[in-house]
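Student: Have a look at the structure that comes next, please.
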Amino acid sequence: DVSQEKIKVACIHAMQLSIRPTETAFINHFPEATVVNILDDSLSTDVSITGLDESMHDRFSKLGEYAASISVDGVLFTCSAFGSCIEKVQEELTVPVLKPNQALQEQIISSAKQGRTCVMSIFEPTLPSLRLEIENMIGNR
């Protein structure tokens, strides 16, 4: 019976530290999912050197291709510093591909109507990517 099959989600991480909280969130909020963790912890250091250049986009495409090759039902990227790279993977794969910050961005845009919003991050490359994505979302409304 298909309704009893677990949903398989690939979580692609750029930092080792994101694995445990991601697993905890799935256990607490989506326990019916089987999580497959994929880690490339060199991404978080390399982005500080190269930015989101073509080679970084290619690396994300390959990570997405790998996730698709193991028959996942969806992909969640867990680091928000790579917005344009994740968007490229969203265009390439037929399964849902999610950014970790999509719900956050919607909340920021909604609350921005009420005044200023502050966004903080422990990973500096996240801020320019997040800012660009929010500005693009506002511009598309």
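Naming works like this for the structure tokens: A, B, ... for the chains as they're shown, residue 1 at the start of each chain, ligands 1 onward in shown order.
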Residues near Leu104 of chain A, anyone? I mean within 12 Å using only C-alpha atoms, not counting same-chain ones fewer than 5 positions away, as a list in words.

Tutor: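 The neighbour list is Ser80, Lys99, Ile109, Ser110, Ser111, Ala112, Thr117, Cys118, Val119, Met120, Leu130, Arg131, Glu133 and Ile134 of chain A.
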
Student: Hey, what's within 12 Å of segment 83-91 of chain A if we count only C-alpha atoms and toss same-chain stuff fewer than 4 positions away? As JSON, numbers by chain, please?

Tutor: {"A": [12, 13, 43, 47, 51, 52, 53, 54, 55, 56, 57, 58, 59, 60, 61, 62, 63, 64, 65, 66, 67, 68, 74, 75, 76, 77, 78, 79, 95, 96, 97, 98, 99, 100, 101, 102, 105, 125, 126, 127, 128, 129, 130, 131, 132, 133, 134, 136]}

Student: Mind the document's chain letters and residue numbers, and return as an MDAnalysis selection string the residues of chain A that DSSP labels strand (DSSP E or B).

Tutor: chainID A and resid 7:13 33:39 74:77 97:98

Student: As number ranges by chain, please: every residue in segment 1-100 of chain A that DSSP puts in helix (DSSP H, G or I).

Tutor: A: 2-4, 16-29, 43-50, 54-69, 80-92

Student: Can I get the selected residues back with N, CA and C atoms, as a compact mmCIF listing (two decimals), in the first residue's frame?

Tutor:
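Saved as selection.txt:
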# COMPACT_ATOMS: atom_id res chain seq x y z
N VAL A 2 0.70 2.11 -0.99
CA VAL A 2 1.51 3.32 -1.13
C VAL A 2 1.34 4.26 0.05
N SER A 3 0.16 4.34 0.63
CA SER A 3 -0.09 5.26 1.73
C SER A 3 0.74 4.93 2.96
N GLN A 4 1.23 3.69 3.07
CA GLN A 4 2.03 3.31 4.22
C GLN A 4 3.52 3.44 3.96
N GLN A 16 28.37 20.37 9.16
CA GLN A 16 28.10 19.23 10.03
C GLN A 16 27.09 19.60 11.12
N LEU A 17 27.19 20.82 11.63
CA LEU A 17 26.33 21.25 12.73
C LEU A 17 24.85 21.30 12.38
N SER A 18 24.51 21.30 11.12
CA SER A 18 23.09 21.37 10.75
C SER A 18 22.39 20.02 10.75
N ILE A 19 23.16 18.95 10.81
CA ILE A 19 22.54 17.62 10.71
C ILE A 19 21.63 17.31 11.91
N ARG A 20 22.15 17.46 13.11
CA ARG A 20 21.36 17.09 14.30
C ARG A 20 20.07 17.91 14.42
N PRO A 21 20.11 19.26 14.29
CA PRO A 21 18.83 19.99 14.40
C PRO A 21 17.85 19.64 13.28
N THR A 22 18.37 19.33 12.12
CA THR A 22 17.49 18.93 11.02
C THR A 22 16.81 17.60 11.34
N GLU A 23 17.60 16.64 11.81
CA GLU A 23 17.02 15.35 12.19
C GLU A 23 15.98 15.51 13.29
N THR A 24 16.28 16.35 14.28
CA THR A 24 15.34 16.59 15.38
C THR A 24 14.04 17.19 14.86
N ALA A 25 14.16 18.15 13.94
CA ALA A 25 12.95 18.77 13.38
C ALA A 25 12.11 17.75 12.63
N PHE A 26 12.74 16.87 11.88
CA PHE A 26 11.98 15.84 11.17
C PHE A 26 11.31 14.88 12.16
N ILE A 27 12.02 14.47 13.18
CA ILE A 27 11.45 13.56 14.18
C ILE A 27 10.23 14.20 14.83
N ASN A 28 10.33 15.49 15.17
CA ASN A 28 9.24 16.18 15.86
C ASN A 28 8.08 16.60 14.96
N HIS A 29 8.37 16.93 13.69
CA HIS A 29 7.34 17.53 12.85
C HIS A 29 6.98 16.73 11.60
N LEU A 43 31.64 23.17 1.27
CA LEU A 43 30.84 24.25 0.68
C LEU A 43 30.90 25.52 1.52
N SER A 44 30.79 25.36 2.83
CA SER A 44 30.73 26.52 3.71
C SER A 44 32.03 27.31 3.74
N THR A 45 33.15 26.67 3.51
CA THR A 45 34.41 27.41 3.44
C THR A 45 34.66 27.93 2.02
N ASP A 46 34.32 27.13 1.03
CA ASP A 46 34.57 27.53 -0.36
C ASP A 46 33.74 28.74 -0.79
N VAL A 47 32.51 28.86 -0.29
CA VAL A 47 31.67 29.99 -0.70
C VAL A 47 32.26 31.31 -0.25
N SER A 48 33.02 31.29 0.84
CA SER A 48 33.67 32.52 1.30
C SER A 48 34.78 32.96 0.35
N ILE A 49 35.31 32.02 -0.40
CA ILE A 49 36.39 32.30 -1.35
C ILE A 49 35.85 32.61 -2.74
N THR A 50 34.94 31.77 -3.23
CA THR A 50 34.48 31.88 -4.61
C THR A 50 33.18 32.65 -4.78
N GLU A 54 29.93 30.00 -10.98
CA GLU A 54 29.45 28.89 -11.80
C GLU A 54 29.88 27.53 -11.25
N SER A 55 31.10 27.46 -10.71
CA SER A 55 31.55 26.17 -10.16
C SER A 55 30.72 25.78 -8.94
N MET A 56 30.29 26.76 -8.15
CA MET A 56 29.44 26.47 -6.99
C MET A 56 28.06 25.99 -7.47
N HIS A 57 27.54 26.64 -8.51
CA HIS A 57 26.26 26.20 -9.07
C HIS A 57 26.37 24.77 -9.58
N ASP A 58 27.48 24.45 -10.24
CA ASP A 58 27.68 23.08 -10.75
C ASP A 58 27.74 22.06 -9.62
N ARG A 59 28.41 22.42 -8.54
CA ARG A 59 28.48 21.51 -7.39
C ARG A 59 27.09 21.22 -6.84
N PHE A 60 26.26 22.25 -6.75
CA PHE A 60 24.90 22.05 -6.25
C PHE A 60 24.09 21.20 -7.21
N SER A 61 24.28 21.41 -8.50
CA SER A 61 23.59 20.57 -9.48
C SER A 61 23.95 19.11 -9.30
N LYS A 62 25.22 18.84 -9.06
CA LYS A 62 25.67 17.45 -8.86
C LYS A 62 25.10 16.87 -7.57
N LEU A 63 25.03 17.68 -6.52
CA LEU A 63 24.41 17.21 -5.27
C LEU A 63 22.94 16.88 -5.50
N GLY A 64 22.25 17.74 -6.25
CA GLY A 64 20.85 17.48 -6.57
C GLY A 64 20.68 16.23 -7.42
N GLU A 65 21.56 16.05 -8.41
CA GLU A 65 21.51 14.85 -9.25
C GLU A 65 21.72 13.60 -8.41
N TYR A 66 22.66 13.66 -7.47
CA TYR A 66 22.88 12.51 -6.60
C TYR A 66 21.63 12.19 -5.79
N ALA A 67 21.04 13.22 -5.21
CA ALA A 67 19.82 13.01 -4.41
C ALA A 67 18.74 12.36 -5.28
N ALA A 68 18.56 12.84 -6.49
CA ALA A 68 17.55 12.27 -7.39
C ALA A 68 17.88 10.82 -7.73
N SER A 69 19.17 10.52 -7.84
CA SER A 69 19.57 9.16 -8.23
C SER A 69 19.27 8.12 -7.15
N SER A 80 21.14 28.43 4.08
CA SER A 80 20.49 29.48 3.29
C SER A 80 21.45 30.42 2.57
N ALA A 81 22.74 30.16 2.64
CA ALA A 81 23.72 31.04 1.98
C ALA A 81 23.83 30.78 0.48
N PHE A 82 23.11 29.80 -0.03
CA PHE A 82 23.31 29.35 -1.40
C PHE A 82 22.05 29.49 -2.25
N GLY A 83 21.33 30.59 -2.06
CA GLY A 83 20.03 30.76 -2.70
C GLY A 83 20.00 30.52 -4.19
N SER A 84 20.85 31.17 -4.96
CA SER A 84 20.80 31.01 -6.41
C SER A 84 21.21 29.61 -6.84
N CYS A 85 22.08 28.97 -6.09
CA CYS A 85 22.47 27.59 -6.40
C CYS A 85 21.29 26.65 -6.19
N ILE A 86 20.54 26.86 -5.12
CA ILE A 86 19.37 26.03 -4.83
C ILE A 86 18.30 26.27 -5.88
N GLU A 87 18.11 27.53 -6.29
CA GLU A 87 17.13 27.83 -7.33
C GLU A 87 17.44 27.12 -8.63
N LYS A 88 18.72 26.99 -8.96
CA LYS A 88 19.11 26.26 -10.17
C LYS A 88 18.70 24.79 -10.05
N VAL A 89 18.92 24.20 -8.88
CA VAL A 89 18.53 22.80 -8.66
C VAL A 89 17.01 22.66 -8.73
N GLN A 90 16.27 23.65 -8.22
CA GLN A 90 14.81 23.62 -8.31
C GLN A 90 14.35 23.52 -9.76
N GLU A 91 15.05 24.21 -10.65
CA GLU A 91 14.71 24.18 -12.09
C GLU A 91 15.08 22.85 -12.72
N GLU A 92 16.11 22.19 -12.21
CA GLU A 92 16.63 20.98 -12.85
C GLU A 92 15.93 19.69 -12.44

Student: Tell me which protein, DNA and RNA residues are within 9 Å of Val35 of chain A, counting only C-alpha atoms, leaving out same-chain ones fewer than 6 positions away, and put them as a VMD selection string.

Tutor: chain A and resid 7 to 11 23 26
